[in-house]
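For reference, the structure discussed in these notes is given below.
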Amino acid sequence: MFTHVTAARLLGWRLPQLPEQVPVFMAVRGDGFHSRRPGLLCSRLTHGAKPGNAQGLPVDSAPEILLRCARELGTLDLLIMVDSALRLGHLKPRELEELLATSRPGVRALRKAYALADRRSESAGETLLRAFHQVLGIEVEPQKKLYNRAGQLVGRADLLIRGTPFVQEYDGAVHRSSGQHVVDLRRERSWAGTKYQRNGYALDDLLNHAATVMHELDRLLGRPHDRRCLERWRALVEESLYSKTGRARVVNRWRRQWDPSVWTQTA
């Protein structure tokens, strides 16, 4: 059966910023399958679950897919996948919690990501923006409905900082298209006269200008700066596929596994 990010892609999960070349990941039962095909990584199945189905192909269970990813990917990478699996209804909390109660390799990393997860996230960028606020200790409400003084619904925010009028939104590439720009302008006009204040962020803000964004938020909320929060965020980014170091670490690990002498990996 397919597993790891291969299965996640087949299931339609949102994925982190993967390298250009990604192996095909499979899991097999027993010792009879030894592939020497470049770009195919095989793990040995150690659980008795029957394969699921995605696009007519056999795939591993959602908890097992995430556990295999947790052995190689960073917390932010996993968080994007966990949010998506929860939103699509592919991941049942009870099943995952049973797995997290074990001591299998990858459990600690997956537990850390699951603690930050929220099924309401609608995009990978929104997940990253929410995680940034969480690391900074700022409470936010995802997909919060917004109303004007007359009680009319005027929109829905990616994130609303709890107890404030500050709407925090991720502005991805889709917002640069002419059609979406028109929609965004119309949406912002509908907020005229309301208490809400929109703040938009791009991926570059979160990855390369986190200190500036943190200082802006601290001033907005009237609170002192805590550099430890920034250091924790930078550590998360550094271990993820969103940094050169993180990408190189994962790619090198995969390349080592492509050595014909270690084609079949033990789960």
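Please note that chains go A, B, ... in the order of the structure tokens, that every chain numbers its residues from 1, and that ligands are numbered from 1 in the order shown.
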**Prompt:** Which residues, written as a ChimeraX atom specification, have at least one atom at most 10 Å from range 55-59 of chain A, with only C-alpha atoms counted and residues fewer than 3 positions away on the same chain left out?
**Reply:** /A:1-4,6-8,10-12,26-27,50-52,62,64-65
Write the residues you've just listed into a file as a PDB file, in the first residue's frame, and include N, CA and C atoms for each of them.
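Saved result, result08.pdb, follows:
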ATOM      1  N   MET A   1       0.840  -1.188   0.000  1.00  0.00           N
ATOM      2  CA  MET A   1       0.000   0.000   0.000  1.00  0.00           C
ATOM      3  C   MET A   1       0.881   1.245   0.000  1.00  0.00           C
ATOM      4  N   PHE A   2       0.335   2.371  -0.500  1.00  0.00           N
ATOM      5  CA  PHE A   2       1.076   3.628  -0.494  1.00  0.00           C
ATOM      6  C   PHE A   2       0.980   4.262   0.897  1.00  0.00           C
ATOM      7  N   THR A   3       2.016   4.998   1.274  1.00  0.00           N
ATOM      8  CA  THR A   3       2.053   5.605   2.594  1.00  0.00           C
ATOM      9  C   THR A   3       2.812   6.929   2.521  1.00  0.00           C
ATOM     10  N   HIS A   4       3.089   7.530   3.695  1.00  0.00           N
ATOM     11  CA  HIS A   4       3.889   8.754   3.785  1.00  0.00           C
ATOM     12  C   HIS A   4       3.239   9.847   2.921  1.00  0.00           C
ATOM     13  N   THR A   6       3.200  10.222  -0.222  1.00  0.00           N
ATOM     14  CA  THR A   6       2.576   9.686  -1.437  1.00  0.00           C
ATOM     15  C   THR A   6       1.100   9.424  -1.181  1.00  0.00           C
ATOM     16  N   ALA A   7       0.804   8.753  -0.071  1.00  0.00           N
ATOM     17  CA  ALA A   7      -0.585   8.472   0.281  1.00  0.00           C
ATOM     18  C   ALA A   7      -1.330   9.761   0.613  1.00  0.00           C
ATOM     19  N   ALA A   8      -0.662  10.681   1.306  1.00  0.00           N
ATOM     20  CA  ALA A   8      -1.302  11.958   1.651  1.00  0.00           C
ATOM     21  C   ALA A   8      -1.720  12.712   0.397  1.00  0.00           C
ATOM     22  N   LEU A  10      -2.417  11.361  -2.557  1.00  0.00           N
ATOM     23  CA  LEU A  10      -3.527  10.622  -3.161  1.00  0.00           C
ATOM     24  C   LEU A  10      -4.846  10.916  -2.444  1.00  0.00           C
ATOM     25  N   LEU A  11      -4.762  11.127  -1.142  1.00  0.00           N
ATOM     26  CA  LEU A  11      -5.958  11.406  -0.343  1.00  0.00           C
ATOM     27  C   LEU A  11      -6.413  12.859  -0.439  1.00  0.00           C
ATOM     28  N   GLY A  12      -5.600  13.694  -1.081  1.00  0.00           N
ATOM     29  CA  GLY A  12      -5.980  15.095  -1.248  1.00  0.00           C
ATOM     30  C   GLY A  12      -5.665  15.976  -0.064  1.00  0.00           C
ATOM     31  N   MET A  26       6.048   3.363  -0.213  1.00  0.00           N
ATOM     32  CA  MET A  26       5.163   2.209  -0.101  1.00  0.00           C
ATOM     33  C   MET A  26       5.458   1.451   1.181  1.00  0.00           C
ATOM     34  N   ALA A  27       4.470   0.713   1.646  1.00  0.00           N
ATOM     35  CA  ALA A  27       4.642  -0.169   2.804  1.00  0.00           C
ATOM     36  C   ALA A  27       4.202  -1.561   2.384  1.00  0.00           C
ATOM     37  N   LYS A  50      -6.095  -3.039   7.513  1.00  0.00           N
ATOM     38  CA  LYS A  50      -6.309  -3.250   6.086  1.00  0.00           C
ATOM     39  C   LYS A  50      -6.105  -1.928   5.344  1.00  0.00           C
ATOM     40  N   PRO A  51      -5.649  -2.000   4.098  1.00  0.00           N
ATOM     41  CA  PRO A  51      -5.429  -0.756   3.350  1.00  0.00           C
ATOM     42  C   PRO A  51      -6.735  -0.044   3.046  1.00  0.00           C
ATOM     43  N   GLY A  52      -6.660   1.277   3.010  1.00  0.00           N
ATOM     44  CA  GLY A  52      -7.790   2.067   2.566  1.00  0.00           C
ATOM     45  C   GLY A  52      -7.718   2.232   1.061  1.00  0.00           C
ATOM     46  N   ALA A  62      -4.718   6.789   8.038  1.00  0.00           N
ATOM     47  CA  ALA A  62      -4.281   8.169   8.292  1.00  0.00           C
ATOM     48  C   ALA A  62      -3.274   8.269   9.438  1.00  0.00           C
ATOM     49  N   GLU A  64      -1.139   6.068  10.522  1.00  0.00           N
ATOM     50  CA  GLU A  64       0.133   5.472  10.109  1.00  0.00           C
ATOM     51  C   GLU A  64       0.852   6.348   9.091  1.00  0.00           C
ATOM     52  N   ILE A  65       0.096   6.963   8.205  1.00  0.00           N
ATOM     53  CA  ILE A  65       0.696   7.882   7.232  1.00  0.00           C
ATOM     54  C   ILE A  65       1.406   9.012   7.968  1.00  0.00           C
TER      55      ILE A  65
END
**Request:** Extract, using only C-alpha atoms, all DNA, RNA and protein residues at most 12 Å from Gly106 in chain A, discarding same-chain residues fewer than 2 positions from it, and format them as a ChimeraX atom specification.
**Result:** /A:63-75,78,99-104,108-113,267
**Message:** Using only C-alpha atoms, can you tell me which of A:Leu207, A:Leu146, A:Ala202, A:Leu15 comes closest to Glu169 in chain A?
**Reply:**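 Closest to Glu169 in chain A, using only C-alpha atoms: A:Ala202.
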**Item:** Using only C-alpha atoms: which of A:Ser123, A:Gln197, A:Ser243, A:Gln152 has the shortest distance to Gly172 in chain A
**Value:**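 Of the candidates, the smallest distance to Gly172 in chain A is held by A:Ser123.
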**Request:** Fewer than 2 positions away in the same chain doesn't count, so skip those; otherwise give me all residues within 12 Å of Asn208 in chain A, counting only C-alpha atoms, as JSON, numbers by chain.
**Result:** {"A": [201, 202, 203, 204, 205, 206, 210, 211, 212, 213, 214, 230, 233, 234, 237, 238, 242, 243]}
Restrict the selected residues to N, CA, C and O atoms and save them as an mmCIF file, in the first residue's frame.
data_model
loop_
_atom_site.group_PDB
_atom_site.id
_atom_site.type_symbol
_atom_site.label_atom_id
_atom_site.label_comp_id
_atom_site.auth_asym_id
_atom_site.auth_seq_id
_atom_site.Cartn_x
_atom_site.Cartn_y
_atom_site.Cartn_z
ATOM 1 N N TYR A 201 -0.862 38.885 5.825
ATOM 2 C CA TYR A 201 0.513 38.396 5.905
ATOM 3 C C TYR A 201 0.787 37.411 4.776
ATOM 4 O O TYR A 201 -0.084 36.615 4.401
ATOM 5 N N ALA A 202 2.011 37.466 4.265
ATOM 6 C CA ALA A 202 2.455 36.530 3.234
ATOM 7 C C ALA A 202 3.437 35.541 3.855
ATOM 8 O O ALA A 202 3.922 35.735 4.974
ATOM 9 N N LEU A 203 3.754 34.488 3.098
ATOM 10 C CA LEU A 203 4.675 33.474 3.600
ATOM 11 C C LEU A 203 6.030 34.078 3.942
ATOM 12 O O LEU A 203 6.652 33.721 4.948
ATOM 13 N N ASP A 204 6.490 35.020 3.129
ATOM 14 C CA ASP A 204 7.787 35.661 3.368
ATOM 15 C C ASP A 204 7.816 36.375 4.710
ATOM 16 O O ASP A 204 8.856 36.409 5.379
ATOM 17 N N ASP A 205 6.696 36.942 5.114
ATOM 18 C CA ASP A 205 6.632 37.609 6.419
ATOM 19 C C ASP A 205 6.926 36.626 7.547
ATOM 20 O O ASP A 205 7.655 36.935 8.491
ATOM 21 N N LEU A 206 6.348 35.438 7.446
ATOM 22 C CA LEU A 206 6.467 34.447 8.513
ATOM 23 C C LEU A 206 7.837 33.782 8.540
ATOM 24 O O LEU A 206 8.342 33.439 9.610
ATOM 25 N N ALA A 210 10.028 37.374 10.587
ATOM 26 C CA ALA A 210 9.243 37.039 11.773
ATOM 27 C C ALA A 210 9.447 38.042 12.909
ATOM 28 O O ALA A 210 8.503 38.362 13.644
ATOM 29 N N ALA A 211 10.659 38.545 13.055
ATOM 30 C CA ALA A 211 10.924 39.506 14.135
ATOM 31 C C ALA A 211 10.116 40.778 13.937
ATOM 32 O O ALA A 211 9.537 41.327 14.890
ATOM 33 N N THR A 212 10.060 41.258 12.692
ATOM 34 C CA THR A 212 9.289 42.476 12.398
ATOM 35 C C THR A 212 7.816 42.265 12.692
ATOM 36 O O THR A 212 7.161 43.112 13.319
ATOM 37 N N VAL A 213 7.283 41.113 12.245
ATOM 38 C CA VAL A 213 5.863 40.820 12.474
ATOM 39 C C VAL A 213 5.578 40.687 13.966
ATOM 40 O O VAL A 213 4.561 41.176 14.462
ATOM 41 N N MET A 214 6.475 40.025 14.691
ATOM 42 C CA MET A 214 6.279 39.879 16.136
ATOM 43 C C MET A 214 6.227 41.242 16.822
ATOM 44 O O MET A 214 5.357 41.492 17.674
ATOM 45 N N LEU A 230 10.245 34.309 19.662
ATOM 46 C CA LEU A 230 10.828 34.388 18.325
ATOM 47 C C LEU A 230 11.808 33.248 18.102
ATOM 48 O O LEU A 230 11.835 32.647 17.023
ATOM 49 N N TRP A 233 9.938 30.062 17.395
ATOM 50 C CA TRP A 233 9.399 30.042 16.033
ATOM 51 C C TRP A 233 10.492 29.740 15.018
ATOM 52 O O TRP A 233 10.308 28.930 14.111
ATOM 53 N N ARG A 234 11.619 30.412 15.157
ATOM 54 C CA ARG A 234 12.718 30.189 14.222
ATOM 55 C C ARG A 234 13.211 28.747 14.270
ATOM 56 O O ARG A 234 13.605 28.180 13.249
ATOM 57 N N VAL A 237 10.772 26.683 12.191
ATOM 58 C CA VAL A 237 10.994 26.906 10.759
ATOM 59 C C VAL A 237 12.256 26.191 10.303
ATOM 60 O O VAL A 237 12.282 25.553 9.245
ATOM 61 N N GLU A 238 13.305 26.279 11.101
ATOM 62 C CA GLU A 238 14.599 25.703 10.726
ATOM 63 C C GLU A 238 14.530 24.189 10.556
ATOM 64 O O GLU A 238 15.214 23.621 9.697
ATOM 65 N N TYR A 242 10.441 24.351 5.151
ATOM 66 C CA TYR A 242 10.409 25.750 4.738
ATOM 67 C C TYR A 242 11.765 26.439 4.928
ATOM 68 O O TYR A 242 11.889 27.637 4.682
ATOM 69 N N SER A 243 12.767 25.693 5.353
ATOM 70 C CA SER A 243 14.116 26.232 5.459
ATOM 71 C C SER A 243 15.066 25.392 4.611
ATOM 72 O O SER A 243 14.817 24.212 4.359
#
**Message:** I need the residue nearest Gln257 in chain A from this list: A:Trp13, A:Val22, A:Ala124, A:Leu41. Use only C-alpha atoms for the distance.
**Reply:**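 Counting only C-alpha atoms, the residue closest to Gln257 in chain A is A:Leu41.
Residues with any atom within 9 Å of Glu122 in chain A, counting only C-alpha atoms and excluding same-chain neighbours fewer than 3 positions away, are Asp83, Ser84, Arg87, Arg119, Gly125, Glu126, Thr127, Gln143 and Asp158 of chain A.
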**Request:** Using backbone DSSP assignments, extract all strand (DSSP E) residues from range 65-246 of chain A; output them as a ChimeraX atom specification.
**Result:** /A:140-147,153-161,166-170,197-201
Can you write just those residues out, N, CA, C and O atoms, as a compact mmCIF listing (two decimals), in the first residue's frame?
# COMPACT_ATOMS: atom_id res chain seq x y z
N VAL A 140 -6.06 32.97 19.18
CA VAL A 140 -6.81 33.33 17.98
C VAL A 140 -7.98 32.37 17.79
O VAL A 140 -7.96 31.23 18.26
N GLU A 141 -9.00 32.84 17.08
CA GLU A 141 -10.17 32.04 16.74
C GLU A 141 -10.19 31.84 15.23
O GLU A 141 -10.41 32.81 14.48
N PRO A 142 -9.96 30.62 14.73
CA PRO A 142 -9.96 30.39 13.28
C PRO A 142 -11.36 30.45 12.69
O PRO A 142 -12.35 30.09 13.33
N GLN A 143 -11.43 30.93 11.44
CA GLN A 143 -12.67 30.97 10.68
C GLN A 143 -13.82 31.59 11.48
O GLN A 143 -14.93 31.07 11.56
N LYS A 144 -13.53 32.74 12.05
CA LYS A 144 -14.49 33.43 12.90
C LYS A 144 -15.45 34.26 12.05
O LYS A 144 -15.04 35.06 11.20
N LYS A 145 -16.75 34.10 12.25
CA LYS A 145 -17.74 34.88 11.53
C LYS A 145 -17.77 36.30 12.11
O LYS A 145 -17.73 36.49 13.33
N LEU A 146 -17.85 37.28 11.19
CA LEU A 146 -17.82 38.68 11.59
C LEU A 146 -19.16 39.34 11.28
O LEU A 146 -19.72 39.15 10.20
N TYR A 147 -19.64 40.15 12.21
CA TYR A 147 -20.95 40.80 12.06
C TYR A 147 -20.80 42.31 12.26
O TYR A 147 -19.95 42.78 13.04
N LEU A 153 -24.07 39.49 8.86
CA LEU A 153 -22.80 38.83 8.59
C LEU A 153 -22.06 39.57 7.49
O LEU A 153 -22.59 39.78 6.40
N VAL A 154 -20.83 40.01 7.76
CA VAL A 154 -20.06 40.75 6.77
C VAL A 154 -18.85 39.96 6.26
O VAL A 154 -18.16 40.40 5.34
N GLY A 155 -18.60 38.81 6.82
CA GLY A 155 -17.47 38.02 6.35
C GLY A 155 -17.03 37.00 7.38
O GLY A 155 -17.64 36.84 8.44
N ARG A 156 -15.94 36.35 7.03
CA ARG A 156 -15.37 35.35 7.93
C ARG A 156 -13.85 35.52 7.90
O ARG A 156 -13.25 35.64 6.82
N ALA A 157 -13.26 35.55 9.05
CA ALA A 157 -11.82 35.82 9.16
C ALA A 157 -11.03 34.52 9.23
O ALA A 157 -11.47 33.55 9.84
N ASP A 158 -9.84 34.53 8.61
CA ASP A 158 -8.94 33.39 8.79
C ASP A 158 -8.69 33.20 10.27
O ASP A 158 -8.84 32.10 10.81
N LEU A 159 -8.31 34.30 10.93
CA LEU A 159 -8.05 34.28 12.37
C LEU A 159 -8.51 35.60 12.96
O LEU A 159 -8.32 36.66 12.37
N LEU A 160 -9.10 35.55 14.13
CA LEU A 160 -9.44 36.75 14.88
C LEU A 160 -8.74 36.65 16.21
O LEU A 160 -8.88 35.65 16.93
N ILE A 161 -7.93 37.65 16.55
CA ILE A 161 -7.26 37.64 17.85
C ILE A 161 -8.33 37.79 18.92
O ILE A 161 -9.09 38.76 18.93
N PHE A 166 -8.92 42.67 15.82
CA PHE A 166 -7.85 42.46 14.84
C PHE A 166 -8.02 41.14 14.09
O PHE A 166 -7.98 40.06 14.68
N VAL A 167 -8.23 41.27 12.78
CA VAL A 167 -8.41 40.13 11.89
C VAL A 167 -7.07 39.82 11.22
O VAL A 167 -6.49 40.68 10.55
N GLN A 168 -6.57 38.62 11.41
CA GLN A 168 -5.27 38.21 10.87
C GLN A 168 -5.51 37.23 9.71
O GLN A 168 -6.11 36.17 9.92
N GLU A 169 -5.03 37.58 8.51
CA GLU A 169 -5.30 36.73 7.36
C GLU A 169 -4.05 36.44 6.55
O GLU A 169 -3.14 37.28 6.44
N TYR A 170 -4.04 35.24 5.98
CA TYR A 170 -2.92 34.84 5.13
C TYR A 170 -3.24 35.20 3.69
O TYR A 170 -4.27 34.80 3.15
N GLN A 197 -10.35 45.35 12.07
CA GLN A 197 -9.16 45.85 11.40
C GLN A 197 -8.40 44.66 10.81
O GLN A 197 -7.96 43.77 11.53
N ARG A 198 -8.28 44.65 9.48
CA ARG A 198 -7.65 43.52 8.81
C ARG A 198 -6.14 43.71 8.67
O ARG A 198 -5.67 44.78 8.28
N ASN A 199 -5.39 42.65 8.96
CA ASN A 199 -3.95 42.64 8.78
C ASN A 199 -3.59 41.41 7.93
O ASN A 199 -3.91 40.28 8.31
N GLY A 200 -2.97 41.63 6.78
CA GLY A 200 -2.63 40.55 5.88
C GLY A 200 -1.15 40.18 5.97
O GLY A 200 -0.29 41.05 6.14
N TYR A 201 -0.86 38.89 5.83
CA TYR A 201 0.51 38.40 5.91
C TYR A 201 0.79 37.41 4.78
O TYR A 201 -0.08 36.62 4.40
**Item:** Closest of A:Leu86, A:His47, A:Asn148, A:Arg9 to Lys195 in chain A - atom-to-atom distances counting only C-alpha atoms
**Value:**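 Closest residue, counting only C-alpha atoms: A:Asn148.
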**Prompt:** If you run DSSP on the backbone, which residues of range 3-251 of chain A are helix (DSSP H, G or I), as number ranges by chain?
**Reply:** A: 4-10, 62-70, 75-87, 93-100, 107-114, 124-135, 173-176, 178-189, 203-208, 210-221, 227-238, 244-251
**Asked** Looking at only C-alpha atoms, which of A:Leu116, A:Leu217, A:Val5, A:Ile138 is the one that sits closest to Gln17 in chain A?
**Response**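 Ranked by minimum distance to Gln17 in chain A, first place goes to A:Val5.
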**Request:** Rank nothing, just name the residue among A:Leu40, A:Pro165, A:His90, A:Cys229 nearest to Gln21 in chain A, using only C-alpha atoms.
**Result:**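 Closest to Gln21 in chain A, using only C-alpha atoms: A:Leu40.
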